[in-house]
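What's in entry-v7.txt: compact mmCIF, C-alpha atoms and all ligand atoms
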```txt
# COMPACT_ATOMS: atom_id res chain seq x y z
CA MET A 15 176.26 -141.56 114.58
CA SER A 16 172.73 -140.37 115.38
CA GLU A 17 170.32 -140.06 112.46
CA LEU A 18 170.03 -136.34 113.10
CA SER A 19 173.80 -135.97 113.15
CA LYS A 20 173.86 -137.17 109.52
CA ILE A 21 171.08 -134.77 108.53
CA ILE A 22 172.92 -131.84 110.15
CA ARG A 23 176.22 -132.75 108.46
CA ASP A 24 174.49 -132.96 105.08
CA GLU A 25 172.99 -129.53 105.57
CA ILE A 26 176.39 -128.07 106.60
CA ARG A 27 178.07 -129.61 103.53
CA GLU A 28 175.44 -128.07 101.32
CA ALA A 29 174.86 -124.67 102.93
CA GLY A 30 178.00 -124.03 104.99
CA PRO A 31 178.39 -123.55 108.76
CA MET A 32 175.04 -123.75 110.56
CA PRO A 33 174.07 -120.98 113.02
CA VAL A 34 173.69 -122.24 116.59
CA ALA A 35 169.98 -121.32 116.51
CA ARG A 36 169.36 -123.64 113.55
CA TYR A 37 171.37 -126.43 115.22
CA MET A 38 169.39 -126.07 118.45
CA ALA A 39 166.06 -125.96 116.60
CA LEU A 40 166.91 -129.18 114.75
CA ALA A 41 168.35 -130.98 117.78
CA LEU A 42 165.25 -130.27 119.86
CA GLY A 43 162.48 -130.00 117.31
CA HIS A 44 163.33 -131.91 114.10
CA PRO A 45 159.95 -133.37 113.05
CA GLN A 46 161.22 -136.99 113.19
CA HIS A 47 164.41 -137.01 115.24
CA GLY A 48 164.18 -133.96 117.53
CA TYR A 49 164.86 -134.57 121.20
CA TYR A 50 161.43 -133.38 122.36
CA ILE A 51 159.62 -135.11 119.51
CA THR A 52 160.83 -138.66 120.09
CA GLY A 53 160.48 -139.33 123.79
CA ASP A 54 159.65 -138.39 127.35
CA PRO A 55 162.90 -137.09 128.85
CA LEU A 56 161.55 -136.02 132.22
CA GLY A 57 162.84 -138.03 135.11
CA THR A 58 165.63 -139.65 133.07
CA ASP A 59 167.64 -136.80 131.55
CA PHE A 60 166.45 -134.07 133.90
CA THR A 61 163.79 -133.29 136.46
CA THR A 62 161.74 -130.16 137.05
CA SER A 63 160.07 -128.43 140.01
CA PRO A 64 156.55 -129.85 139.45
CA GLU A 65 158.09 -133.34 139.28
CA ILE A 66 159.86 -132.74 142.61
CA SER A 67 156.70 -131.88 144.53
CA GLN A 68 152.97 -131.41 144.07
CA MET A 69 153.32 -128.24 146.18
CA PHE A 70 154.87 -126.39 143.23
CA GLY A 71 151.86 -126.80 140.94
CA GLU A 72 149.44 -126.28 143.81
CA LEU A 73 150.94 -122.89 144.66
CA ILE A 74 150.84 -121.89 141.01
CA GLY A 75 147.19 -122.95 140.88
CA ALA A 76 146.51 -120.64 143.83
CA TRP A 77 148.51 -117.91 142.06
CA ALA A 78 146.37 -118.32 138.93
CA ALA A 79 143.15 -118.26 140.97
CA ASP A 80 144.29 -115.01 142.58
CA VAL A 81 144.90 -113.44 139.16
CA TRP A 82 141.42 -114.61 138.11
CA HIS A 83 139.98 -112.82 141.16
CA GLN A 84 141.91 -109.66 140.30
CA ILE A 85 140.62 -109.68 136.72
CA GLY A 86 137.12 -109.62 138.22
CA LEU A 87 136.14 -113.31 138.19
CA PRO A 88 135.31 -113.51 134.46
CA VAL A 89 132.91 -116.39 133.70
CA ALA A 90 135.22 -117.46 130.87
CA PHE A 91 139.00 -117.23 130.68
CA THR A 92 141.80 -119.35 129.27
CA LEU A 93 144.43 -121.02 131.42
CA VAL A 94 147.43 -121.80 129.24
CA GLU A 95 150.58 -123.78 129.88
CA LEU A 96 153.54 -123.50 127.54
CA GLY A 97 155.70 -126.63 127.32
CA PRO A 98 153.79 -128.65 129.93
CA GLY A 99 156.11 -131.68 130.16
CA ARG A 100 154.15 -134.50 131.77
CA GLY A 101 151.18 -132.30 132.69
CA THR A 102 152.03 -132.55 136.38
CA LEU A 103 152.09 -128.81 137.06
CA MET A 104 148.72 -128.28 135.36
CA ALA A 105 147.14 -131.24 137.17
CA ASP A 106 148.29 -129.99 140.59
CA ALA A 107 147.26 -126.42 139.73
CA LEU A 108 143.78 -127.46 138.57
CA ARG A 109 143.22 -129.53 141.69
CA ALA A 110 144.28 -126.68 143.98
CA ALA A 111 142.37 -123.95 142.11
CA SER A 112 139.17 -126.01 141.96
CA GLY A 113 138.60 -125.00 145.59
CA GLN A 114 137.72 -121.50 144.31
CA PRO A 115 133.98 -121.52 143.52
CA GLY A 116 133.42 -120.99 139.79
CA PHE A 117 137.06 -121.45 138.73
CA ALA A 118 136.65 -124.89 137.14
CA LYS A 119 133.56 -123.82 135.22
CA ALA A 120 135.18 -120.62 133.91
CA ALA A 121 138.52 -122.12 132.85
CA ARG A 122 139.26 -123.18 129.30
CA ILE A 123 142.52 -125.12 129.41
CA GLN A 124 145.02 -124.93 126.57
CA MET A 125 148.28 -126.85 126.51
CA VAL A 126 150.89 -125.57 124.04
CA GLU A 127 153.13 -128.51 123.19
CA THR A 128 155.14 -129.62 120.17
CA SER A 129 155.86 -133.17 121.32
CA PRO A 130 153.27 -135.80 120.38
CA VAL A 131 154.69 -138.18 123.00
CA LEU A 132 154.43 -135.63 125.82
CA SER A 133 150.97 -134.48 124.65
CA ARG A 134 149.73 -138.04 125.21
CA VAL A 135 151.35 -138.18 128.63
CA GLN A 136 149.75 -134.83 129.53
CA GLN A 137 146.35 -136.05 128.42
CA ALA A 138 146.62 -139.15 130.60
CA THR A 139 147.69 -136.99 133.56
CA LEU A 140 144.85 -134.49 133.14
CA ASP A 141 141.95 -136.84 132.25
CA PRO A 142 141.12 -137.92 135.81
CA ILE A 143 141.57 -134.39 137.21
CA VAL A 144 139.33 -132.62 134.71
CA SER A 145 136.55 -135.15 135.14
CA LYS A 146 136.83 -135.17 138.93
CA TYR A 147 136.72 -131.38 139.34
CA GLY A 148 134.40 -130.51 136.44
CA TYR A 149 136.79 -128.76 134.04
CA ALA A 150 136.08 -128.76 130.29
CA GLU A 151 138.26 -131.06 128.15
CA PRO A 152 141.67 -129.40 127.67
CA GLU A 153 142.85 -128.51 124.17
CA TRP A 154 146.32 -129.12 122.72
CA LEU A 155 147.93 -126.52 120.47
CA SER A 156 151.25 -126.64 118.70
CA SER A 157 151.81 -122.88 118.89
CA ILE A 158 150.52 -119.75 120.61
CA ASP A 159 148.81 -118.62 117.39
CA GLN A 160 145.67 -120.48 118.40
CA LEU A 161 145.26 -119.16 121.96
CA GLY A 162 141.69 -118.56 123.15
CA GLU A 163 139.88 -115.23 123.10
CA GLY A 164 139.29 -113.34 126.35
CA PRO A 165 141.44 -113.10 129.47
CA LEU A 166 144.55 -115.30 129.50
CA ILE A 167 146.52 -116.70 132.43
CA ILE A 168 149.68 -118.22 131.02
CA ILE A 169 152.19 -120.42 132.88
CA ALA A 170 155.61 -121.39 131.53
CA ASN A 171 157.97 -123.44 133.69
CA GLU A 172 161.24 -124.40 131.98
CA PHE A 173 159.78 -123.52 128.59
CA PHE A 174 161.85 -120.51 127.52
CA ASP A 175 165.15 -122.33 128.17
CA ALA A 176 164.30 -124.79 125.40
CA LEU A 177 163.85 -122.17 122.68
CA PRO A 178 166.67 -121.68 120.16
CA ILE A 179 169.17 -118.88 120.73
CA ARG A 180 171.53 -117.08 118.39
CA GLN A 181 175.06 -116.75 119.70
CA PHE A 182 177.56 -114.12 118.65
CA ILE A 183 181.25 -114.20 119.44
CA LYS A 184 183.44 -111.11 119.68
CA THR A 185 186.46 -111.32 117.39
CA ASP A 186 189.27 -108.85 116.62
CA ASP A 187 187.22 -107.28 113.88
CA GLY A 188 183.74 -107.38 115.42
CA TRP A 189 180.95 -109.75 116.38
CA ARG A 190 180.44 -112.90 114.32
CA GLU A 191 177.59 -115.36 114.48
CA GLN A 192 178.58 -118.57 116.25
CA CYS A 193 178.02 -121.56 113.97
CA VAL A 194 178.44 -125.32 113.89
CA ALA A 195 180.89 -126.53 111.24
CA GLU A 196 182.35 -129.90 110.29
CA VAL A 197 186.13 -130.32 110.64
CA ASP A 198 187.82 -133.69 110.01
CA GLY A 199 184.45 -135.40 110.31
CA ASN A 200 183.64 -133.79 113.67
CA LEU A 201 181.09 -131.13 114.50
CA VAL A 202 182.80 -128.08 116.04
CA PHE A 203 181.85 -124.53 116.93
CA ALA A 204 183.22 -121.93 114.51
CA PRO A 205 182.44 -118.24 114.02
CA SER A 206 180.91 -117.19 110.70
CA ALA A 207 183.37 -116.13 107.99
CA THR A 208 182.53 -112.44 108.19
CA PRO A 209 181.59 -110.07 111.02
CA GLU A 210 178.01 -108.83 111.44
CA PRO A 211 177.57 -105.91 109.08
CA GLY A 212 176.97 -102.82 111.21
CA GLY A 213 177.85 -104.66 114.41
CA LEU A 214 175.34 -105.91 116.96
CA LEU A 215 172.70 -103.93 118.76
CA LEU A 216 173.92 -104.59 122.28
CA ALA A 217 173.01 -103.30 125.71
CA PRO A 218 175.57 -100.60 126.64
CA SER A 219 176.99 -102.83 129.37
CA LEU A 220 177.97 -105.43 126.74
CA LYS A 221 179.60 -103.05 124.26
CA ASP A 222 183.08 -103.35 125.78
CA ALA A 223 183.08 -107.14 125.89
CA PRO A 224 186.54 -108.64 125.39
CA VAL A 225 187.54 -110.68 122.34
CA GLY A 226 186.16 -114.20 122.80
CA ALA A 227 183.06 -113.05 124.69
CA ILE A 228 179.77 -114.63 123.65
CA ALA A 229 176.47 -112.77 123.51
CA GLU A 230 173.19 -114.68 123.28
CA PHE A 231 169.79 -113.65 121.96
CA SER A 232 166.63 -115.68 121.63
CA PRO A 233 164.50 -114.22 118.84
CA ALA A 234 162.04 -117.09 119.40
CA ALA A 235 161.64 -116.27 123.10
CA THR A 236 161.19 -112.55 122.58
CA ALA A 237 158.73 -113.09 119.70
CA ILE A 238 156.58 -115.32 121.90
CA MET A 239 156.76 -113.01 124.91
CA THR A 240 155.91 -109.97 122.79
CA GLU A 241 152.89 -111.75 121.30
CA LEU A 242 151.69 -112.81 124.78
CA CYS A 243 152.07 -109.26 126.09
CA GLN A 244 150.02 -107.93 123.18
CA ARG A 245 147.32 -110.48 123.89
CA ILE A 246 147.03 -109.70 127.58
CA SER A 247 147.13 -105.96 127.00
CA ASN A 248 144.04 -106.41 124.79
CA THR A 249 142.15 -108.92 126.90
CA SER A 250 143.69 -108.75 130.42
CA GLY A 251 145.55 -111.52 132.18
CA ALA A 252 149.07 -112.51 133.17
CA VAL A 253 152.14 -114.46 132.10
CA LEU A 254 154.25 -116.30 134.67
CA ALA A 255 157.66 -117.46 133.45
CA ILE A 256 159.90 -119.57 135.72
CA ASP A 257 163.27 -120.74 134.55
CA TYR A 258 166.97 -120.81 135.23
CA GLY A 259 168.53 -117.66 134.03
CA TYR A 260 169.88 -114.24 134.79
CA THR A 261 168.17 -111.01 135.80
CA LYS A 262 170.42 -108.63 133.85
CA SER A 263 171.60 -109.22 130.28
CA ALA A 264 175.25 -110.26 130.29
CA VAL A 265 177.78 -111.91 128.01
CA GLY A 266 178.50 -115.59 128.56
CA ASP A 267 178.08 -118.95 126.87
CA THR A 268 175.15 -120.70 128.57
CA LEU A 269 174.42 -123.35 125.95
CA GLN A 270 174.37 -126.73 127.70
CA ALA A 271 173.33 -130.31 127.03
CA MET A 272 172.16 -132.96 129.46
CA ARG A 273 171.71 -136.70 129.13
CA ASP A 274 170.88 -139.08 131.98
CA GLY A 275 171.30 -136.23 134.47
CA GLU A 276 174.89 -135.51 133.32
CA PHE A 277 176.25 -132.59 131.32
CA VAL A 278 177.46 -133.72 127.88
CA SER A 279 178.85 -131.91 124.84
CA VAL A 280 176.23 -129.85 123.00
CA LEU A 281 177.51 -131.23 119.70
CA ASP A 282 177.50 -134.88 120.73
CA ALA A 283 174.77 -136.97 119.07
CA PRO A 284 172.20 -134.22 118.46
CA GLY A 285 168.64 -135.31 119.16
CA THR A 286 169.67 -137.56 122.05
CA ALA A 287 170.34 -134.93 124.74
CA ASP A 288 168.41 -131.99 126.13
CA ILE A 289 169.91 -128.70 124.96
CA THR A 290 169.01 -125.58 126.90
CA THR A 291 170.31 -122.13 127.72
CA HIS A 292 169.96 -119.80 130.63
CA VAL A 293 167.11 -117.38 130.08
CA ASP A 294 167.80 -113.67 129.75
CA PHE A 295 165.01 -112.31 131.95
CA GLU A 296 165.91 -108.70 131.19
CA ALA A 297 165.25 -109.39 127.51
CA LEU A 298 161.92 -111.11 128.31
CA ALA A 299 160.81 -108.27 130.59
CA ALA A 300 161.67 -105.77 127.86
CA CYS A 301 158.95 -107.32 125.67
CA VAL A 302 156.19 -105.53 127.60
CA THR A 303 153.82 -103.60 125.41
CA ARG A 304 151.49 -100.70 126.24
CA GLY A 305 149.04 -101.70 128.92
CA THR A 306 151.22 -104.45 130.43
CA ARG A 307 153.74 -104.34 133.26
CA ALA A 308 156.77 -106.52 133.96
CA HIS A 309 157.08 -106.97 137.72
CA PRO A 310 160.58 -107.10 139.21
CA VAL A 311 162.17 -110.49 138.66
CA THR A 312 162.52 -112.51 141.83
CA THR A 313 164.03 -115.87 142.70
CA GLN A 314 162.09 -119.12 142.86
CA GLY A 315 162.94 -119.45 146.56
CA THR A 316 161.48 -116.06 147.45
CA PHE A 317 158.46 -116.56 145.20
CA LEU A 318 157.51 -119.94 146.66
CA ARG A 319 158.08 -118.81 150.24
CA GLN A 320 155.88 -115.77 149.70
CA LEU A 321 153.15 -117.93 148.21
CA GLY A 322 153.14 -119.99 151.41
CA LEU A 323 155.29 -123.03 150.65
CA ALA A 324 156.13 -123.59 154.32
CA GLN A 325 152.47 -123.52 155.38
CA ARG A 326 151.50 -125.86 152.54
CA ALA A 327 154.27 -128.26 153.58
CA GLU A 328 153.07 -128.20 157.21
CA MET A 329 149.54 -128.98 156.09
CA LEU A 330 150.64 -131.94 153.99
CA LYS A 331 152.83 -133.24 156.82
CA ARG A 332 149.86 -133.47 159.18
CA SER A 333 148.61 -136.54 157.34
CA ALA A 334 152.04 -137.89 156.30
CA THR A 335 154.08 -140.85 157.52
CA PRO A 336 157.54 -139.95 158.91
CA ASP A 337 159.11 -140.95 155.56
CA GLN A 338 156.64 -138.82 153.64
CA ALA A 339 157.23 -135.89 156.00
CA GLN A 340 160.96 -136.18 155.36
CA ALA A 341 160.32 -136.23 151.59
CA ILE A 342 158.20 -133.07 151.91
CA ASP A 343 160.99 -131.29 153.83
CA ASP A 344 163.55 -132.43 151.26
CA ALA A 345 161.37 -131.11 148.43
CA VAL A 346 161.04 -127.71 150.14
CA ASP A 347 164.84 -127.55 150.42
CA ARG A 348 165.38 -128.56 146.81
CA LEU A 349 162.91 -126.00 145.49
CA THR A 350 164.11 -123.09 147.62
CA ASP A 351 167.69 -123.58 148.86
CA ASP A 352 170.35 -121.29 147.42
CA ASP A 353 172.54 -124.24 146.48
CA ALA A 354 169.63 -126.06 144.79
CA MET A 355 166.90 -124.39 142.69
CA GLY A 356 166.10 -121.46 144.98
CA THR A 357 168.35 -118.79 143.48
CA LEU A 358 169.36 -120.00 140.03
CA PHE A 359 165.69 -120.18 139.06
CA LYS A 360 164.02 -116.82 138.51
CA VAL A 361 160.39 -115.77 138.27
CA LEU A 362 159.00 -113.10 135.97
CA ALA A 363 155.38 -112.03 135.91
CA VAL A 364 154.02 -109.77 133.21
CA THR A 365 150.46 -108.65 133.82
CA ALA A 366 147.80 -106.35 132.52
CA GLY A 367 148.29 -102.95 134.15
CA ASN A 368 146.03 -103.24 137.17
CA ILE A 369 147.05 -106.68 138.44
CA GLU A 370 149.38 -107.16 141.41
CA PRO A 371 150.59 -110.75 141.14
CA ALA A 372 151.05 -112.71 144.37
CA GLY A 373 154.53 -113.72 145.49
CA LEU A 374 156.41 -110.99 143.64
N1 LIG B 401 157.06 -127.43 132.06
C1 LIG B 401 157.40 -128.82 132.24
C2 LIG B 401 158.37 -129.37 131.20
C3 LIG B 401 159.62 -128.61 130.89
S1 LIG B 401 160.56 -129.38 129.60
C4 LIG B 401 157.90 -129.05 133.64
O1 LIG B 401 158.15 -128.08 134.33
O2 LIG B 401 158.03 -130.20 134.06
C5 LIG B 401 160.17 -128.40 128.18
C6 LIG B 401 158.79 -128.61 127.62
O3 LIG B 401 158.61 -127.69 126.53
C7 LIG B 401 158.49 -129.98 127.04
O4 LIG B 401 157.15 -130.28 127.28
C8 LIG B 401 158.75 -129.76 125.54
O5 LIG B 401 158.16 -130.73 124.73
C9 LIG B 401 158.17 -128.38 125.36
N2 LIG B 401 158.63 -127.62 124.20
C10 LIG B 401 159.90 -127.46 123.78
N3 LIG B 401 159.93 -126.59 122.72
C11 LIG B 401 158.65 -126.20 122.51
C12 LIG B 401 158.03 -125.30 121.59
N4 LIG B 401 158.75 -124.65 120.67
N5 LIG B 401 156.69 -125.13 121.67
C13 LIG B 401 155.96 -125.78 122.61
N6 LIG B 401 156.49 -126.64 123.51
C14 LIG B 401 157.82 -126.85 123.46
```

Would you mind giving the structure from this file in structure tokens?
Amino acid sequence: MSELSKIIRDEIREAGPMPVARYMALALGHPQHGYYITGDPLGTDFTTSPEISQMFGELIGAWAADVWHQIGLPVAFTLVELGPGRGTLMADALRAASGQPGFAKAARIQMVETSPVLSRVQQATLDPIVSKYGYAEPEWLSSIDQLGEGPLIIIANEFFDALPIRQFIKTDDGWREQCVAEVDGNLVFAPSATPEPGGLLLAPSLKDAPVGAIAEFSPAATAIMTELCQRISNTSGAVLAIDYGYTKSAVGDTLQAMRDGEFVSVLDAPGTADITTHVDFEALAACVTRGTRAHPVTTQGTFLRQLGLAQRAEMLKRSATPDQAQAIDDAVDRLTDDDAMGTLFKVLAVTAGNIEPAGL
């Protein structure tokens, strides 16, 4: 039994069934045994777009440089990445954006990361890039509370899917919070003993959900998005969120766990598998505050094509061996095909009022 499994069972014995949000927070972020705290899962348990191809981060670098132009080329702004993994996206973005005169000098780089292991990996990835292109030393933050003053350009790829969600299950007598309980020594899902007093505040389309339906909310995701919107409405800037998810809020159980590239049970050996959910982009877009706009959500395939993925691929292929050229074509397909990441992955940009983000 994993160390964290014991800790979770002890807490359930003491306090009763554990809400899914608490389980997910412990499995991913327990200070000693959390999945993201103990290791570098990228490339073994799962892979992400920036790890598939440098073109992904390069196009996002060009996207960020375009936002910087639209803000009016401020001499100081902060480029932020939330949940930067191995730092690959930021490294490719910084390299690409350094072609814009003044960008490297103006950018303060902040990496928001909870994992000490991944922070070290990110630092090693960024060190040669920042010194080569003349960026200031990046900073590492454990939360968005310490974001820089002034305009903000914020990138989040596969960040929101890792934030804890609350799940509610419709029963005969109303919605109950979905919990993790212990039965005969095993962890199992079980609804809370009593229905939510007053019911749930649900989108009208979800009100008639059948018994057994599951509704998901991520208070952590909406709190972060709301805070970011408030910041950019005060100081200007943009947030770009890319993730797997759905455009319209809907019922459905999207909690999933992955180990070694395979789906496994969410309750199996917590702390040893990546647990994620599909992101509710309608809920994220609804976090806009006065002075910010949520642009219509698009798919990753459309977004990357509109940013010029095909042209970038052609350019790279000019100096590639036949094997490398094939790998570039394969990466384009993986990032944009409907049966790969092209449609499942969605893109949301929230910007200060006057900005028209590229690709959307
Ligand atoms: N964006 C990267 C990695 C995605 S994996 C990529 O595209 O390759 C999720 C990342 O979010 C990891 O770096 C993980 O450590 C980080 N993370 C998870 N929960 C977090 C939280 N609450 N605050 C900050 N970072 C978090």

> Could you state the separation of CA of Thr261 in chain A and atom C12 of ligand LIG 401 (chain B) in Å, given to one decimal place?
Replying inline: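 If I compute the distance from CA of Thr261 in chain A to atom C12 of ligand LIG 401 (chain B), I get 22.6 Å.
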
> Hey, which residues come within 8 Å of ligand LIG 401 (chain B) if we count only C-alpha atoms and all ligand atoms? Could you give them as a PyMOL selection string?
Replying inline: chain A and resi 42-43+50-51+56+61-65+95-103+126-129+132-133+156-157+170-177

>> Report, in Å with one decimal, the straight-line distance from CA of Glu191 in chain A to CA of Val34 in chain A.
In response: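 CA of Val34 in chain A lies at a distance of 8.2 Å from CA of Glu191 in chain A.
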
>> List as a list in words the protein and nucleic acid residues near Arg27 in chain A, meaning an atom at most 10 Å away when all atoms listed in the file are counted, but skip any in the same chain fewer than 5 places from it.
In response: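 Here the qualifying residues turn out to be Ile22, Met32, Ala195 and Glu196 of chain A.
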
> Hey, what's within 10 Å of Leu18 in chain A if we count only C-alpha atoms and toss same-chain stuff fewer than 4 positions away? As a list in words, please?
Replying inline: Ile22, Arg23, Asp24, Leu40, Ala41, His44, Gln46, His47, Gly48, Tyr49, Ala283, Pro284, Gly285 and Thr286 of chain A

> Do you have the CA of Asn200 in chain A-CA of Ser19 in chain A distance handy?
Replying inline: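 Computing the Euclidean distance for CA of Asn200 in chain A and CA of Ser19 in chain A yields 10.1 Å.
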
Give me, as a JSON list (two decimals) with C-alpha atoms, in the coordinates of the input, all polymer residues having an atom no more than 8 Å from Arg326 in chain A, counting only C-alpha atoms and skipping those fewer than 4 positions away in the same chain.
```
[["chain", "number", "residue", "atom", "x", "y", "z"],
["A", 69, "MET", "CA", 153.32, -128.24, 146.18],
["A", 322, "GLY", "CA", 153.14, -119.99, 151.41],
["A", 330, "LEU", "CA", 150.64, -131.94, 153.99]]
```

>> From the options A:Ser145, A:Thr240, A:Ser263, A:Thr185, which residue's atoms come nearest to Gly226 in chain A, counting only C-alpha atoms?
In response: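 That would be A:Thr185, the residue with the smallest distance to Gly226 in chain A.
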
>> Which residues are close to Thr236 in chain A, i.e. within 8 Å by only C-alpha atoms, leaving aside same-chain residues fewer than 3 positions away? Reply as a PyMOL selection string.
In response: chain A and resi 232-233+239-240+297-298+301

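Among the candidates A:Thr303, A:Ser112, A:Ser250, A:Thr268, the residue lying nearest to Thr290 in chain A is A:Thr268 (atoms considered: all atoms listed in the file).
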
Hey, what's within 8 Å of Trp189 in chain A if we count all atoms listed in the file and toss same-chain stuff fewer than 6 positions away? As a PDB file with C-alpha atoms, in the coordinates of the input, please?
```pdb
ATOM      1  CA  PHE A 182     177.560-114.120 118.650  1.00  0.00           C
ATOM      2  CA  ILE A 183     181.250-114.200 119.440  1.00  0.00           C
ATOM      3  CA  PRO A 209     181.590-110.070 111.020  1.00  0.00           C
ATOM      4  CA  GLU A 210     178.010-108.830 111.440  1.00  0.00           C
ATOM      5  CA  GLY A 213     177.850-104.660 114.410  1.00  0.00           C
ATOM      6  CA  LEU A 214     175.340-105.910 116.960  1.00  0.00           C
TER       7      LEU A 214
END
```

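Among the candidate residues A:Leu166, A:Met104, A:Leu161, A:Val194, the one lying nearest to Val144 in chain A is A:Met104, with distances computed using all atoms listed in the file.
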
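Minimum distance to Thr357 in chain A across A:Leu201, A:Ala76, A:Ile256, A:Val81 (counting all atoms listed in the file) occurs at A:Ile256.
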
Because the input lacks atoms here, generate N, CA, C and O atoms for range 69-80 of chain A and report them as a tab-separated table (two decimals), in the frame of the given file.
```
chain	number	residue	atom	x	y	z
A	69	MET	N	153.52	-129.58	145.60
A	69	MET	CA	153.32	-128.24	146.18
A	69	MET	C	153.58	-127.14	145.15
A	69	MET	O	152.94	-126.10	145.18
A	70	PHE	N	154.51	-127.40	144.23
A	70	PHE	CA	154.87	-126.39	143.23
A	70	PHE	C	153.65	-126.04	142.38
A	70	PHE	O	153.25	-124.87	142.29
A	71	GLY	N	153.03	-127.05	141.78
A	71	GLY	CA	151.86	-126.80	140.94
A	71	GLY	C	150.68	-126.27	141.75
A	71	GLY	O	149.91	-125.44	141.27
A	72	GLU	N	150.55	-126.75	142.98
A	72	GLU	CA	149.44	-126.28	143.81
A	72	GLU	C	149.55	-124.77	144.08
A	72	GLU	O	148.56	-124.04	144.01
A	73	LEU	N	150.76	-124.32	144.39
A	73	LEU	CA	150.94	-122.89	144.66
A	73	LEU	C	150.70	-122.07	143.40
A	73	LEU	O	150.16	-120.96	143.45
A	74	ILE	N	151.08	-122.62	142.26
A	74	ILE	CA	150.84	-121.89	141.01
A	74	ILE	C	149.35	-121.89	140.68
A	74	ILE	O	148.82	-120.90	140.16
A	75	GLY	N	148.65	-122.94	141.04
A	75	GLY	CA	147.19	-122.95	140.88
A	75	GLY	C	146.56	-121.84	141.72
A	75	GLY	O	145.67	-121.10	141.26
A	76	ALA	N	147.04	-121.70	142.96
A	76	ALA	CA	146.51	-120.64	143.83
A	76	ALA	C	146.87	-119.26	143.27
A	76	ALA	O	146.07	-118.33	143.31
A	77	TRP	N	148.07	-119.16	142.70
A	77	TRP	CA	148.51	-117.91	142.06
A	77	TRP	C	147.56	-117.54	140.91
A	77	TRP	O	147.11	-116.39	140.78
A	78	ALA	N	147.24	-118.55	140.09
A	78	ALA	CA	146.37	-118.32	138.93
A	78	ALA	C	144.96	-117.93	139.40
A	78	ALA	O	144.33	-117.03	138.84
A	79	ALA	N	144.49	-118.58	140.46
A	79	ALA	CA	143.15	-118.26	140.97
A	79	ALA	C	143.12	-116.82	141.49
A	79	ALA	O	142.13	-116.10	141.32
A	80	ASP	N	144.22	-116.39	142.09
A	80	ASP	CA	144.29	-115.01	142.58
A	80	ASP	C	144.24	-114.01	141.42
A	80	ASP	O	143.55	-113.00	141.49
```
